[in-house]
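Next comes my_file36.txt, with compact mmCIF, C-alpha atoms.
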```
# COMPACT_ATOMS: atom_id res chain seq x y z
CA MET A 13 0.00 0.00 0.00
CA ILE A 14 0.94 3.64 -0.38
CA ILE A 15 0.05 6.25 2.20
CA GLN A 16 0.38 9.84 1.04
CA LEU A 17 1.00 12.12 3.99
CA GLN A 18 -0.15 15.66 4.46
CA GLN A 19 2.47 18.28 3.67
CA GLY A 20 4.45 19.39 6.72
CA ILE A 21 3.13 16.55 8.88
CA PRO A 22 4.29 16.94 12.53
CA ALA A 23 6.80 14.38 13.75
CA GLU A 24 4.44 12.96 16.37
CA LEU A 25 1.71 12.25 13.79
CA LEU A 26 4.24 10.63 11.45
CA GLU A 27 5.48 8.42 14.26
CA ALA A 28 1.93 7.40 15.15
CA ILE A 29 1.22 6.38 11.53
CA LEU A 30 4.45 4.39 11.29
CA GLN A 31 3.54 2.53 14.48
CA GLU A 32 0.08 1.72 13.13
CA VAL A 33 1.53 0.37 9.88
CA ASN A 34 4.05 -1.78 11.73
CA GLY A 35 1.34 -2.85 14.13
CA ILE A 36 -0.71 -4.55 11.42
CA GLY A 37 2.32 -6.53 10.30
CA PHE A 38 3.51 -4.35 7.42
CA LYS A 39 7.02 -3.03 6.92
CA ALA A 40 6.85 0.77 6.70
CA ASN A 41 9.22 2.50 4.27
CA GLU A 42 9.29 6.29 4.43
CA VAL A 43 9.85 8.06 1.07
CA LYS A 44 10.20 11.82 0.74
CA THR A 45 10.45 13.23 -2.78
CA GLN A 46 10.59 16.68 -4.34
CA GLU A 47 6.81 16.41 -4.74
CA ALA A 48 5.40 14.70 -1.66
CA HIS A 49 5.89 12.55 1.44
CA TYR A 50 4.85 8.87 1.44
CA ILE A 51 4.88 5.68 3.45
CA VAL A 52 5.18 2.52 1.36
CA GLY A 53 3.81 -0.42 3.33
CA ILE A 54 5.02 -3.90 2.36
CA GLY A 55 3.03 -6.88 3.58
CA LYS A 56 0.29 -9.36 2.70
CA LYS A 57 -2.07 -9.26 5.67
CA ASP A 58 -5.68 -8.38 4.79
CA PHE A 59 -7.07 -5.40 6.68
CA ASP A 60 -9.47 -2.50 6.29
CA ILE A 61 -7.41 0.39 4.90
CA ARG A 62 -9.95 2.83 6.33
CA THR A 63 -8.39 2.23 9.76
CA LEU A 64 -5.23 3.92 8.44
CA GLY A 65 -6.93 6.36 6.09
CA GLN A 66 -8.72 8.10 8.95
CA LEU A 67 -5.56 8.73 10.96
CA PRO A 68 -4.55 12.38 11.45
CA GLY A 69 -1.86 13.36 8.94
CA VAL A 70 -2.96 10.93 6.19
CA ALA A 71 -3.90 12.66 2.93
CA ASP A 72 -4.67 9.53 0.89
CA ILE A 73 -4.16 5.77 0.91
CA HIS A 74 -4.13 3.16 -1.85
CA ARG A 75 -3.74 -0.58 -2.19
CA VAL A 76 -1.08 -1.43 -4.79
CA SER A 77 -0.45 -5.11 -5.50
CA ASP A 78 2.40 -4.52 -7.97
CA GLU A 79 5.94 -5.15 -6.78
CA TYR A 80 6.76 -1.68 -8.09
CA LYS A 81 4.40 0.55 -6.13
CA LEU A 82 5.33 4.21 -6.40
CA ILE A 83 5.52 4.16 -10.20
CA SER A 84 2.35 2.08 -10.60
CA ARG A 85 -0.69 3.46 -12.40
CA LYS A 86 -2.86 1.52 -9.95
CA TRP A 87 -1.99 4.22 -7.47
CA ARG A 88 -1.53 7.36 -9.52
CA VAL A 89 -4.03 7.44 -12.37
CA ASN A 90 -3.02 10.84 -13.71
CA PRO A 91 0.19 10.82 -15.77
CA THR A 92 3.40 12.34 -14.48
CA LEU A 93 4.51 15.49 -16.28
CA ILE A 94 8.17 16.51 -16.11
CA ASP A 95 8.75 20.25 -16.38
CA LEU A 96 12.27 21.16 -17.53
CA GLY A 97 11.50 24.87 -17.42
CA ASP A 98 11.08 27.45 -20.18
CA GLY A 99 7.89 25.76 -21.35
CA VAL A 100 9.53 22.37 -21.99
CA VAL A 101 7.26 19.68 -20.51
CA ILE A 102 7.59 15.93 -21.04
CA GLY A 103 4.60 13.63 -20.65
CA GLU A 104 1.11 12.94 -21.99
CA GLY A 105 -0.24 15.80 -24.09
CA ASN A 106 3.26 17.15 -24.81
CA PHE A 107 4.91 15.05 -27.52
CA SER A 108 8.66 15.53 -27.03
CA ILE A 109 11.39 15.27 -29.63
CA MET A 110 14.98 14.83 -28.42
CA ALA A 111 17.70 14.78 -31.05
CA GLY A 112 21.44 15.10 -31.37
CA PRO A 113 24.62 13.13 -32.02
CA CYS A 114 25.63 9.94 -30.30
CA SER A 115 28.79 11.68 -29.06
CA ILE A 116 29.72 15.29 -28.46
CA GLU A 117 32.76 15.82 -30.68
CA SER A 118 33.54 19.54 -30.94
CA GLU A 119 32.27 23.06 -30.39
CA ARG A 120 31.45 23.45 -34.08
CA GLN A 121 29.46 20.23 -34.09
CA ILE A 122 27.32 21.44 -31.18
CA GLU A 123 26.74 24.78 -32.92
CA LEU A 124 25.54 23.05 -36.09
CA VAL A 125 23.18 20.72 -34.23
CA VAL A 126 21.78 23.56 -32.12
CA GLU A 127 21.16 25.58 -35.29
CA HIS A 128 19.32 22.61 -36.80
CA LEU A 129 17.21 22.02 -33.68
CA LYS A 130 16.25 25.69 -33.33
CA ALA A 131 15.21 25.85 -36.98
CA ASN A 132 12.84 22.95 -36.32
CA ASN A 133 11.61 24.07 -32.89
CA VAL A 134 13.17 21.13 -31.04
CA LYS A 135 13.95 22.04 -27.42
CA ILE A 136 15.97 19.05 -26.20
CA MET A 137 19.39 17.95 -27.47
CA ARG A 138 20.92 14.57 -26.72
CA GLY A 139 24.65 13.94 -26.79
CA GLY A 140 27.10 11.76 -24.92
CA VAL A 141 30.22 13.03 -23.19
CA PHE A 142 30.93 9.75 -21.37
CA LYS A 143 30.46 6.89 -23.82
CA PRO A 144 30.26 3.21 -22.85
CA ARG A 145 31.70 1.43 -25.88
CA SER A 146 31.96 -2.26 -26.72
CA SER A 147 35.60 -1.74 -27.75
CA PRO A 148 38.05 -0.10 -25.34
CA TYR A 149 39.77 1.47 -28.36
CA ALA A 150 36.71 3.36 -29.63
CA PHE A 151 36.07 7.06 -28.94
CA ARG A 152 34.78 7.31 -25.36
CA GLY A 153 33.72 10.93 -25.17
CA MET A 154 35.05 14.38 -24.28
CA GLY A 155 34.27 14.10 -20.57
CA LEU A 156 33.52 17.04 -18.29
CA GLU A 157 35.22 19.55 -20.56
CA GLY A 158 32.86 18.53 -23.35
CA LEU A 159 29.88 18.67 -21.01
CA ARG A 160 30.60 22.23 -19.89
CA MET A 161 30.90 23.32 -23.53
CA PHE A 162 27.73 21.40 -24.42
CA HIS A 163 25.81 23.04 -21.57
CA GLU A 164 27.05 26.56 -22.29
CA LEU A 165 26.19 26.52 -25.99
CA CYS A 166 22.78 24.94 -25.46
CA SER A 167 21.74 27.16 -22.54
CA GLN A 168 22.62 30.25 -24.61
CA ASN A 169 20.13 29.03 -27.21
CA GLY A 170 17.30 27.84 -24.98
CA ILE A 171 18.02 24.15 -25.57
CA LYS A 172 17.77 21.59 -22.76
CA ILE A 173 20.34 18.78 -22.72
CA ILE A 174 20.21 15.08 -21.94
CA THR A 175 23.42 13.12 -21.49
CA GLU A 176 24.50 9.80 -20.04
CA VAL A 177 25.93 9.32 -16.56
CA MET A 178 27.87 6.10 -16.10
CA GLN A 179 28.82 5.97 -12.43
CA VAL A 180 27.94 7.46 -9.05
CA SER A 181 31.16 9.47 -8.82
CA GLN A 182 30.25 11.48 -11.95
CA ILE A 183 26.92 12.81 -10.65
CA GLU A 184 28.28 15.59 -8.45
CA ASP A 185 30.47 16.98 -11.23
CA MET A 186 27.72 16.73 -13.85
CA VAL A 187 24.61 17.82 -11.98
CA ASP A 188 24.94 21.57 -12.58
CA PHE A 189 25.40 21.08 -16.33
CA VAL A 190 22.58 18.69 -17.27
CA ASP A 191 18.82 18.99 -17.55
CA VAL A 192 18.20 15.24 -17.78
CA PHE A 193 20.49 12.40 -16.72
CA GLN A 194 20.38 9.40 -19.03
CA VAL A 195 20.92 5.90 -17.66
CA GLY A 196 22.05 3.70 -20.53
CA ALA A 197 21.05 0.12 -21.20
CA ARG A 198 24.25 -1.26 -19.69
CA ASN A 199 23.54 0.52 -16.40
CA SER A 200 19.81 -0.14 -16.14
CA GLN A 201 20.37 -2.42 -13.15
CA ASN A 202 23.28 -0.55 -11.60
CA PHE A 203 21.35 -0.14 -8.36
CA ASN A 204 23.96 2.03 -6.67
CA LEU A 205 23.71 4.49 -9.56
CA LEU A 206 19.89 4.37 -9.48
CA ASP A 207 19.88 5.05 -5.72
CA ALA A 208 22.20 8.02 -6.19
CA LEU A 209 20.10 9.47 -9.02
CA GLY A 210 17.09 9.24 -6.74
CA GLU A 211 18.89 11.54 -4.33
CA ALA A 212 20.18 13.86 -7.08
CA GLN A 213 16.70 15.26 -7.87
CA LYS A 214 17.40 15.93 -11.56
CA PRO A 215 15.08 14.28 -14.14
CA VAL A 216 16.23 10.85 -15.31
CA LEU A 217 15.68 9.02 -18.60
CA LEU A 218 16.02 5.32 -17.80
CA LYS A 219 16.72 3.03 -20.73
CA ARG A 220 15.61 -0.59 -20.84
CA GLY A 221 18.41 -3.11 -20.41
CA ILE A 222 19.91 -4.93 -23.38
CA SER A 223 18.06 -8.12 -22.40
CA GLY A 224 15.82 -6.57 -19.76
CA THR A 225 12.17 -7.37 -19.24
CA ILE A 226 9.49 -4.73 -18.78
CA GLU A 227 9.21 -5.81 -15.15
CA GLU A 228 12.93 -5.22 -14.61
CA LEU A 229 12.68 -1.77 -16.18
CA LEU A 230 9.81 -0.86 -13.87
CA GLN A 231 11.64 -2.16 -10.80
CA ALA A 232 14.69 -0.11 -11.79
CA ALA A 233 12.52 3.01 -11.96
CA GLU A 234 11.14 2.17 -8.51
CA TYR A 235 14.70 2.38 -7.14
CA ILE A 236 14.97 5.98 -8.34
CA PHE A 237 11.52 7.03 -7.08
CA SER A 238 11.94 5.33 -3.68
CA ASN A 239 15.12 7.35 -3.12
CA GLY A 240 13.30 10.63 -3.57
CA ASN A 241 13.09 11.45 -7.28
CA GLU A 242 9.72 11.34 -9.08
CA LYS A 243 11.02 12.87 -12.31
CA ILE A 244 11.59 9.69 -14.30
CA MET A 245 10.91 8.75 -17.91
CA LEU A 246 11.21 5.23 -19.30
CA CYS A 247 12.91 4.55 -22.62
CA GLU A 248 12.35 1.59 -24.93
CA ARG A 249 15.55 1.25 -26.97
CA GLY A 250 15.36 -2.31 -28.23
CA ILE A 251 16.39 -5.63 -26.73
CA ARG A 252 18.87 -8.24 -27.89
CA SER A 253 17.72 -11.34 -29.75
CA TYR A 254 19.08 -13.96 -32.11
CA GLU A 255 18.23 -11.79 -35.16
CA ASN A 256 21.26 -10.17 -36.81
CA SER A 257 19.62 -8.26 -39.68
CA TYR A 258 19.43 -5.17 -37.48
CA ARG A 259 20.95 -3.97 -34.23
CA ASN A 260 18.17 -4.75 -31.73
CA VAL A 261 14.50 -5.70 -31.63
CA LEU A 262 12.64 -2.44 -31.02
CA ASP A 263 9.83 -3.70 -28.79
CA LEU A 264 6.97 -1.34 -29.60
CA ASN A 265 4.67 -3.71 -27.69
CA ALA A 266 6.32 -2.21 -24.64
CA VAL A 267 4.86 1.24 -25.25
CA PRO A 268 1.15 0.52 -24.62
CA VAL A 269 2.05 -2.02 -21.93
CA LEU A 270 4.16 0.52 -20.04
CA LYS A 271 1.51 3.20 -20.50
CA ALA A 272 -1.00 0.85 -18.86
CA LYS A 273 1.30 -0.14 -15.99
CA THR A 274 2.88 3.17 -15.00
CA HIS A 275 2.14 6.89 -14.80
CA LEU A 276 5.66 7.76 -16.01
CA PRO A 277 6.33 9.15 -19.52
CA VAL A 278 7.42 6.60 -22.12
CA ILE A 279 10.06 7.56 -24.71
CA VAL A 280 11.27 5.48 -27.69
CA ASP A 281 14.80 5.41 -29.14
CA PRO A 282 14.53 4.11 -32.74
CA SER A 283 18.20 4.77 -33.53
CA HIS A 284 19.44 2.17 -31.08
CA GLY A 285 16.33 0.09 -31.59
CA ILE A 286 16.97 -0.75 -35.24
CA GLY A 287 20.50 0.58 -35.75
CA LEU A 288 20.01 1.30 -39.46
CA ARG A 289 19.77 4.89 -40.69
CA ASP A 290 17.32 4.17 -43.52
CA HIS A 291 14.79 2.65 -41.12
CA VAL A 292 14.88 5.17 -38.27
CA GLU A 293 12.01 7.17 -39.77
CA PRO A 294 9.43 4.36 -40.10
CA MET A 295 10.22 3.08 -36.62
CA SER A 296 9.91 6.60 -35.21
CA LEU A 297 6.49 7.00 -36.81
CA ALA A 298 5.45 3.59 -35.52
CA ALA A 299 6.52 4.67 -32.03
CA VAL A 300 4.34 7.76 -32.27
CA MET A 301 1.32 5.73 -33.31
CA ALA A 302 2.00 3.16 -30.57
CA GLY A 303 1.43 5.94 -28.01
CA ALA A 304 4.93 7.12 -27.07
CA ASP A 305 5.21 10.43 -25.22
CA GLY A 306 8.37 11.25 -27.13
CA VAL A 307 11.13 10.02 -29.43
CA ILE A 308 14.88 10.37 -28.95
CA TYR A 309 17.07 9.82 -32.01
CA GLU A 310 20.53 10.51 -33.36
CA THR A 311 21.35 13.18 -35.93
CA HIS A 312 24.68 14.56 -37.19
CA GLN A 313 25.70 16.98 -39.94
CA LYS A 314 27.72 14.21 -41.64
CA PRO A 315 26.79 10.79 -40.18
CA GLU A 316 29.48 9.07 -42.24
CA GLU A 317 32.07 11.10 -40.30
CA ALA A 318 30.53 10.68 -36.84
CA PHE A 319 32.87 9.44 -34.13
CA SER A 320 30.29 6.82 -33.07
CA ASP A 321 27.08 5.16 -34.30
CA GLY A 322 27.14 6.80 -37.74
CA GLN A 323 25.31 3.82 -39.25
CA GLN A 324 22.17 4.62 -37.23
CA THR A 325 22.39 8.43 -37.39
CA VAL A 326 20.28 10.53 -39.78
CA ASN A 327 21.59 13.69 -41.44
CA PHE A 328 19.97 17.08 -40.97
CA GLN A 329 17.83 16.85 -44.10
CA GLU A 330 16.48 13.46 -43.01
CA SER A 331 16.03 14.77 -39.48
CA GLU A 332 14.00 17.77 -40.65
CA ARG A 333 11.66 15.50 -42.61
CA LEU A 334 11.39 13.12 -39.65
CA ILE A 335 10.46 15.92 -37.24
CA LYS A 336 7.73 17.14 -39.58
CA ARG A 337 6.30 13.66 -40.10
CA MET A 338 6.36 12.75 -36.41
CA ARG A 339 4.40 15.89 -35.57
CA GLN A 340 1.89 15.07 -38.29
CA ALA A 341 1.58 11.52 -36.96
CA TYR A 342 1.07 12.81 -33.42
CA GLU A 343 -1.70 15.15 -34.57
CA LEU A 344 -3.34 12.23 -36.37
CA ARG A 345 -3.06 10.04 -33.27
CA GLU A 346 -4.61 12.69 -31.05
CA SER A 347 -7.53 13.10 -33.46
CA PHE A 348 -8.65 9.48 -33.07
```

Would it be possible to restate this file's structure as structure tokens?
Amino acid sequence: MIIQLQQGIPAELLEAILQEVNGIGFKANEVKTQEAHYIVGIGKKDFDIRTLGQLPGVADIHRVSDEYKLISRKWRVNPTLIDLGDGVVIGEGNFSIMAGPCSIESERQIELVVEHLKANNVKIMRGGVFKPRSSPYAFRGMGLEGLRMFHELCSQNGIKIITEVMQVSQIEDMVDFVDVFQVGARNSQNFNLLDALGEAQKPVLLKRGISGTIEELLQAAEYIFSNGNEKIMLCERGIRSYENSYRNVLDLNAVPVLKAKTHLPVIVDPSHGIGLRDHVEPMSLAAVMAGADGVIYETHQKPEEAFSDGQQTVNFQESERLIKRMRQAYELRESF
């Protein structure tokens, strides 16, 4: 169960509620986020929740049978909206486009991408400064120096940035220069990192693991929420299979399933999902029609010269057409 407490609840009332929860045989877990104050009760004993709901200091109470409780739509029916400021809101009713290169490479590259995004009214730029690569000899990013340059150029132009964090020790150095932390597929079950991002309070885009189930993705998000951060979006980016005709299997089944299970925004990454430049557009449009709250994809002025993932990166001309068609598809979806 989830007990939502009244704002500014006195310590003596909180203690009384905790004792009542423990008294009926439930383990009480206190969670305080940037939005509210909760008690998550874990147990299986049947009881009348009205006995707790009428206690002084209780604002609301819900039964939630899912293992993941705070992110469950069984508790919070209304969707979560994530406000990045300056009118940039992610969630239902606000289809979000996030675009940029796989890796931040240079100041000039950032300037060109920013110019492209502004021309197409895209408010969020993706780009990696710490890059987990399969080969230790591949380009692994420009690090903090690149992040500071990325942040400065984007903030001057009203563009929000999303970039990957790979380990707990990076959070403190990065937090002032990012609008959204990305957790990549390889770190989707790095629970120490998820705990720390819960405490960091910045919005988090959590990618599905390479072979992760939907349940595992939801449980990973619960780690972040239970440590105090409600600003989470889930990202379907494809899962590994035996098929080798494309990079991953982009599981668009996951979009409506996640939308039914959780109140968090659901984003789709078609670039990593299919891994083939020519097919990014149809998979993006399919994601829109499947009900995604946003799409994040890779674009570069010259994909054939990109330091990483050029084979799945669209050029600016292709990106401009994609943006236009996704917005048309979203309008069509909303008219149904």

Write out as a PDB file with C-alpha atoms, in the coordinates of the input the residues lying within 8 Å of Val280 of chain A, counting all atoms listed in the file and excluding same-chain residues fewer than 3 positions away.
```pdb
ATOM      1  CA  CYS A 247      12.910   4.550 -22.620  1.00  0.00           C
ATOM      2  CA  GLU A 248      12.350   1.590 -24.930  1.00  0.00           C
ATOM      3  CA  ARG A 249      15.550   1.250 -26.970  1.00  0.00           C
ATOM      4  CA  SER A 296       9.910   6.600 -35.210  1.00  0.00           C
ATOM      5  CA  ALA A 299       6.520   4.670 -32.030  1.00  0.00           C
ATOM      6  CA  ALA A 304       4.930   7.120 -27.070  1.00  0.00           C
ATOM      7  CA  GLY A 306       8.370  11.250 -27.130  1.00  0.00           C
ATOM      8  CA  VAL A 307      11.130  10.020 -29.430  1.00  0.00           C
ATOM      9  CA  ILE A 308      14.880  10.370 -28.950  1.00  0.00           C
TER      10      ILE A 308
END
```

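With all atoms listed in the file as the atoms that count, the minimum distance from Pro315 of chain A to the choices A:Pro113, A:Gly97, A:Ser118, A:Ala131 is reached by A:Pro113.
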
Segment 323-331 of chain A: which residues within 9 Å, counting all atoms listed in the file, same-chain residues fewer than 5 positions away excluded, as a list in words?
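In the requested format, the answer is Ala111, Pro113, Cys114, Val125, His128, Pro282, Ser283, His284, Ile286, Gly287, Leu288, Arg289, Asp290, His291, Val292, Glu293, Tyr309, Glu310, Thr311, His312, Gln313, Lys314, Pro315, Glu316, Ala318 and Lys336 of chain A.
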
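Between atom CA of Gly55 of chain A and atom CA of Met13 of chain A there is a distance of 8.3 Å.
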
Among the residues A:Val76, A:Gly69, A:Gln179, A:Arg88, the one that comes closest to Ala23 of chain A [using all atoms listed in the file]:
A:Gly69

Considering only C-alpha atoms, return as a count of residues only whatever protein or nucleic-acid residues lie within 9 Å of Phe203 of chain A, sequence-local ones (same chain, fewer than 4 positions apart) excluded.
6

Pairwise distance for atom CA of Val101 of chain A and atom CA of Ile73 of chain A, rounded to one decimal in Å:
28.0 Å

Please report, as JSON, the centre and edge lengths in Å to one decimal of an axis-aligned box covering all listed atoms of segment 229-248 of chain A with 8 Å per side.
```
{"center_x": 12.4, "center_y": 5.4, "center_z": -14.0, "size_x": 21.4, "size_y": 31.0, "size_z": 37.8}
```

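Proximity ranking of A:Pro148, A:Gly99, A:Pro68, A:Gly53 relative to Ala28 of chain A places A:Pro68 first, based on all atoms listed in the file.
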
Correct to one decimal, the distance atom CA of Thr175 of chain A-atom CA of Phe193 of chain A is 5.6 Å

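Restricting the calculation to all atoms listed in the file, the smallest distance between Leu334 of chain A and any of A:Met110, A:Leu206, A:Leu264, A:Leu218 is found for A:Met110.
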
Closest of A:Ser108, A:Ser167, A:Ser257, A:Asn90 to Glu123 of chain A - atom-to-atom distances counting all atoms listed in the file:
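Comparing A:Ser108, A:Ser167, A:Ser257, A:Asn90 against Glu123 of chain A, the winner is A:Ser167.
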
Which is closer to Glu228 of chain A than all the others in A:Asn202, A:Gln213, A:Thr92, A:Gln19, using only C-alpha atoms?
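Under the stated criterion, the closest residue is A:Asn202.
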